[in-house]
file protein-v1.txt (compact mmCIF, C-alpha atoms)
# COMPACT_ATOMS: atom_id res chain seq x y z
CA MET A 30 -98.66 64.91 85.61
CA LYS A 31 -96.45 67.07 83.40
CA LEU A 32 -93.39 65.28 84.74
CA LYS A 33 -94.89 61.88 83.88
CA LEU A 34 -95.79 63.08 80.39
CA LEU A 35 -92.31 64.55 79.88
CA LEU A 36 -90.70 61.30 81.10
CA PHE A 37 -92.96 59.26 78.80
CA PHE A 38 -91.94 61.32 75.71
CA ALA A 39 -88.27 61.14 76.70
CA LEU A 40 -88.45 57.34 76.86
CA ILE A 41 -90.27 57.19 73.52
CA SER A 42 -87.61 59.42 71.95
CA LEU A 43 -84.78 57.25 73.26
CA TRP A 44 -86.52 54.10 72.05
CA ALA A 45 -87.12 55.62 68.60
CA CYS A 46 -83.42 56.51 68.24
CA GLU A 47 -82.29 52.99 69.03
CA LYS A 48 -80.69 51.15 66.10
CA PRO A 49 -82.56 48.14 64.74
CA LYS A 50 -81.48 44.91 66.39
CA GLN A 51 -80.35 43.27 63.15
CA ALA A 52 -78.02 46.16 62.27
CA ARG A 53 -76.29 45.85 65.64
CA GLU A 54 -75.76 42.10 65.49
CA GLU A 55 -72.53 40.85 64.08
CA ARG A 56 -72.88 38.13 61.47
CA LYS A 57 -72.08 34.71 62.89
CA TYR A 58 -71.06 33.20 59.57
CA PHE A 59 -69.21 34.57 56.54
CA ASP A 60 -71.53 37.11 54.88
CA LEU A 61 -71.67 35.59 51.40
CA LYS A 62 -74.68 37.67 50.39
CA ALA A 63 -72.77 40.90 51.11
CA TRP A 64 -69.67 39.58 49.34
CA VAL A 65 -71.72 38.76 46.23
CA ALA A 66 -73.45 42.16 46.36
CA GLU A 67 -70.07 43.91 46.56
CA THR A 68 -68.75 41.81 43.65
CA VAL A 69 -71.83 42.68 41.58
CA ARG A 70 -71.28 46.37 42.40
CA GLN A 71 -67.59 46.19 41.43
CA LYS A 72 -68.14 44.26 38.20
CA SER A 73 -71.24 46.12 36.99
CA GLY A 74 -70.38 48.78 34.47
CA LYS A 75 -66.82 47.50 34.03
CA ARG A 76 -65.78 46.09 30.70
CA CYS A 77 -65.46 42.34 31.24
CA VAL A 78 -65.65 39.27 29.03
CA LEU A 79 -67.09 36.13 30.58
CA VAL A 80 -66.49 32.84 28.80
CA LYS A 81 -69.16 30.42 29.94
CA LYS A 82 -69.18 26.71 29.11
CA THR A 83 -72.24 24.65 29.95
CA LEU A 84 -72.74 20.91 29.77
CA ILE A 85 -76.29 19.66 30.27
CA ASP A 86 -76.95 15.94 29.89
CA GLY A 87 -73.95 15.55 27.61
CA LYS A 88 -74.75 18.55 25.39
CA SER A 89 -72.18 21.31 25.55
CA GLU A 90 -72.41 24.99 24.70
CA LYS A 91 -69.93 27.83 24.90
CA GLN A 92 -70.87 31.48 25.23
CA THR A 93 -68.75 34.61 25.29
CA LEU A 94 -70.61 37.34 27.13
CA GLU A 95 -69.60 40.98 26.97
CA GLN A 96 -72.77 42.34 28.57
CA ILE A 97 -73.06 40.48 31.84
CA ASN A 98 -75.94 40.53 34.28
CA TRP A 99 -73.85 39.85 37.37
CA GLU A 100 -76.86 39.56 39.69
CA HIS A 101 -78.20 36.76 37.50
CA GLU A 102 -74.81 35.07 37.12
CA LEU A 103 -74.15 34.98 40.87
CA MET A 104 -77.73 34.50 42.10
CA LEU A 105 -77.23 30.92 43.32
CA PHE A 106 -74.22 32.01 45.36
CA ALA A 107 -76.10 34.92 46.97
CA GLU A 108 -78.90 32.52 47.91
CA ALA A 109 -76.39 30.30 49.73
CA ASP A 110 -75.90 32.82 52.55
CA LEU A 111 -75.90 31.19 56.00
CA ASN A 112 -76.84 34.29 58.00
CA SER A 113 -80.52 33.60 58.37
CA PRO A 114 -82.10 33.67 61.85
CA ALA A 115 -83.44 30.17 61.17
CA LEU A 116 -79.88 28.87 60.68
CA THR A 117 -78.37 30.30 63.85
CA ASP A 118 -76.33 27.57 65.56
CA ASP A 119 -76.98 25.08 62.72
CA TYR A 120 -73.37 25.02 61.56
CA GLN A 121 -70.20 23.77 63.16
CA ILE A 122 -67.36 26.22 62.49
CA THR A 123 -63.85 24.91 61.99
CA GLU A 124 -61.15 27.50 61.43
CA ASN A 125 -57.56 26.66 60.54
CA LYS A 126 -55.59 29.87 60.96
CA ALA A 127 -52.36 28.34 59.61
CA GLU A 128 -54.06 27.36 56.34
CA LYS A 129 -56.34 30.42 56.39
CA THR A 130 -59.41 28.23 55.93
CA VAL A 131 -62.80 28.24 57.58
CA VAL A 132 -65.39 25.48 57.14
CA TYR A 133 -69.07 25.71 58.04
CA GLN A 134 -70.52 22.19 58.29
CA SER A 135 -74.26 21.78 58.77
CA THR A 136 -75.34 19.90 61.87
CA ASN A 137 -78.84 19.55 60.41
CA PRO A 138 -79.27 17.16 57.44
CA ASN A 139 -82.37 19.13 56.35
CA ASN A 140 -80.43 22.34 55.72
CA LYS A 141 -80.12 23.24 52.05
CA ILE A 142 -76.49 24.34 52.45
CA GLN A 143 -74.60 21.38 53.85
CA LYS A 144 -71.09 22.78 53.75
CA MET A 145 -69.23 25.98 52.93
CA THR A 146 -65.45 26.17 52.76
CA ILE A 147 -63.63 29.48 52.47
CA LYS A 148 -59.95 29.52 51.56
CA GLY A 149 -57.77 32.55 52.15
CA TYR A 150 -59.97 33.63 55.05
CA PRO A 151 -60.22 36.36 56.25
CA ASP A 152 -58.01 38.73 54.28
CA GLN A 153 -57.08 37.21 50.90
CA LEU A 154 -59.98 35.07 49.66
CA SER A 155 -58.99 32.57 46.99
CA GLU A 156 -61.98 30.21 46.89
CA ILE A 157 -65.46 29.74 48.31
CA ALA A 158 -66.84 26.22 47.86
CA ILE A 159 -70.45 25.33 48.69
CA GLU A 160 -72.27 22.00 48.82
CA VAL A 161 -76.04 22.17 48.39
CA SER A 162 -78.54 19.36 48.90
CA GLU A 163 -82.32 19.53 48.54
CA VAL A 164 -84.39 16.38 48.96
CA ASN A 165 -88.10 15.80 49.34
CA GLN A 166 -90.56 13.15 48.13
CA PHE A 167 -90.89 14.74 44.68
CA TYR A 168 -87.52 16.29 44.05
CA GLU A 169 -83.82 15.74 44.66
CA ALA A 170 -81.03 18.13 43.75
CA LYS A 171 -77.37 18.28 44.66
CA ARG A 172 -74.90 20.99 43.66
CA LYS A 173 -71.27 21.78 44.24
CA MET A 174 -70.51 25.42 43.56
CA SER A 175 -67.29 27.36 43.79
CA LEU A 176 -66.10 30.91 43.32
CA LYS A 177 -62.42 31.45 42.47
CA MET A 178 -60.67 34.70 43.34
CA LEU A 179 -57.33 36.32 42.63
CA ASP A 180 -56.40 39.30 44.81
CA ASN A 181 -59.91 39.10 46.32
CA GLN A 182 -61.45 39.65 42.87
CA LEU A 183 -63.71 37.09 41.22
CA VAL A 184 -62.00 35.41 38.26
CA ALA A 185 -64.10 32.26 37.75
CA TYR A 186 -66.97 30.19 39.05
CA GLN A 187 -68.17 26.63 38.65
CA ILE A 188 -71.46 24.84 39.34
CA LEU A 189 -71.73 21.04 39.12
CA GLY A 190 -74.96 19.30 39.88
CA PHE A 191 -77.86 17.05 39.15
CA GLN A 192 -81.56 17.13 39.76
CA ARG A 193 -84.19 14.44 39.70
CA ILE A 194 -87.90 15.18 39.60
CA LEU A 195 -90.55 12.52 40.20
CA PHE A 196 -91.53 10.79 36.93
CA LYS A 197 -88.68 12.47 35.00
CA ASP A 198 -85.14 11.45 34.13
CA ALA A 199 -82.31 12.86 36.20
CA MET A 200 -80.50 15.83 34.67
CA GLU A 201 -76.79 16.43 35.18
CA TYR A 202 -75.25 19.81 34.49
CA GLU A 203 -71.95 21.66 34.69
CA ILE A 204 -71.28 25.37 34.30
CA ASN A 205 -67.76 26.74 34.09
CA ALA A 206 -67.33 30.48 33.76
CA LYS A 207 -64.10 32.42 33.55
CA LEU A 208 -63.37 36.12 33.26
CA GLU A 209 -60.97 37.06 30.50

call {"tool": "encode", "arguments": {"input": "protein-v1.txt", "output": "structure tokens"}}
result
Amino acid sequence: MKLKLLLFFALISLWACEKPKQAREERKYFDLKAWVAETVRQKSGKRCVLVKKTLIDGKSEKQTLEQINWEHELMLFAEADLNSPALTDDYQITENKAEKTVVYQSTNPNNKIQKMTIKGYPDQLSEIAIEVSEVNQFYEAKRKMSLKMLDNQLVAYQILGFQRILFKDAMEYEINAKLE
């Protein structure tokens, strides 16, 4: 009986020391969420000036930001991460090693992220471009977003899009932001 009890506690101990499954799994797609988190960490607390130009339904505005909430600025990009268990095997991966480009193309028309293109992959990222599409009976939105890098450091981003809500006019918008 003591031997069975000892064996039982030994098995429980080994099981308790096992790493969580998610931590052991390698990401199938580019880890955009981690890249954004690292960029937020690097940029936070550093003295930066962000010049942000917005155009919404023909009305333009320019802002120069010296205190930047990087999590807020890059939120839409962090949300475009493909490494969700629900999206496993939903993207066709095309890698061109000569051009250092990888493209993730959705095989499911219902996926929010339809396409992600990464240039300079894997070692010297220069651009990440994302195409987003959300459609249902009440709402339609399409966005093209891109992050521009120099020496793997974010230097600019752009978001172009439109949204249409049932019983409302469509709204077109453009955001161009550049670090100076």

call {"tool": "atom_distance", "arguments": {"input": "protein-v1.txt", "atom1": "CA of Glu95 in chain A", "atom2": "CA of Gln192 in chain A"}}
result
29.6 Å

call {"tool": "closest_residue", "arguments": {"input": "protein-v1.txt", "among": "A:Glu169, A:Lys91, A:Thr130, A:Ala107", "to": "Asp198 in chain A", "atoms": "all atoms listed in the file"}}
result
A:Glu169

call {"tool": "residues_around", "arguments": {"input": "protein-v1.txt", "residues": "Ala170 in chain A", "least_positions_apart": "3", "cutoff": "9 Å", "atoms": "all atoms listed in the file", "output": "PyMOL selection string"}}
result
chain A and resi 161-164+190-194

call {"tool": "closest_atom_pairs", "arguments": {"input": "protein-v1.txt", "of": "range 134-183 of chain A", "to": "range 113-121 of chain A", "cutoff": "9 Å", "atoms": "only C-alpha atoms", "output": "JSON lines"}}
result
{"residue": "A:Gln134", "atom": "CA", "partner": "A:Gln121", "partner_atom": "CA", "distance": 5.1}
{"residue": "A:Ser135", "atom": "CA", "partner": "A:Tyr120", "partner_atom": "CA", "distance": 4.4}
{"residue": "A:Thr136", "atom": "CA", "partner": "A:Tyr120", "partner_atom": "CA", "distance": 5.5}
{"residue": "A:Asn137", "atom": "CA", "partner": "A:Asp119", "partner_atom": "CA", "distance": 6.3}
{"residue": "A:Asn140", "atom": "CA", "partner": "A:Leu116", "partner_atom": "CA", "distance": 8.2}
{"residue": "A:Gln143", "atom": "CA", "partner": "A:Tyr120", "partner_atom": "CA", "distance": 8.6}
{"residue": "A:Lys144", "atom": "CA", "partner": "A:Tyr120", "partner_atom": "CA", "distance": 8.4}

call {"tool": "closest_residue", "arguments": {"input": "protein-v1.txt", "among": "A:Ala63, A:Ile85, A:Val131, A:Ile188", "to": "Ser175 in chain A", "atoms": "all atoms listed in the file"}}
result
A:Ile188

call {"tool": "closest_residue", "arguments": {"input": "protein-v1.txt", "among": "A:Ala109, A:Phe196, A:Gly149, A:Leu183", "to": "Asp60 in chain A", "atoms": "all atoms listed in the file"}}
result
A:Ala109

call {"tool": "atom_distance", "arguments": {"input": "protein-v1.txt", "atom1": "CA of Tyr186 in chain A", "atom2": "CA of Asn205 in chain A"}}
result
6.1 Å

call {"tool": "closest_residue", "arguments": {"input": "protein-v1.txt", "among": "A:Ala127, A:Leu61, A:Leu111, A:Ile97", "to": "Ser73 in chain A", "atoms": "only C-alpha atoms"}}
result
A:Ile97

call {"tool": "closest_residue", "arguments": {"input": "protein-v1.txt", "among": "A:Ala206, A:Gln182, A:Met145, A:Asn125", "to": "Gln71 in chain A", "atoms": "only C-alpha atoms"}}
result
A:Gln182

call {"tool": "atom_distance", "arguments": {"input": "protein-v1.txt", "atom1": "CA of Glu100 in chain A", "atom2": "CA of Leu176 in chain A"}}
result
14.3 Å

call {"tool": "closest_residue", "arguments": {"input": "protein-v1.txt", "among": "A:Asn181, A:Tyr133, A:Glu67, A:Lys171", "to": "Leu154 in chain A", "atoms": "all atoms listed in the file"}}
result
A:Asn181
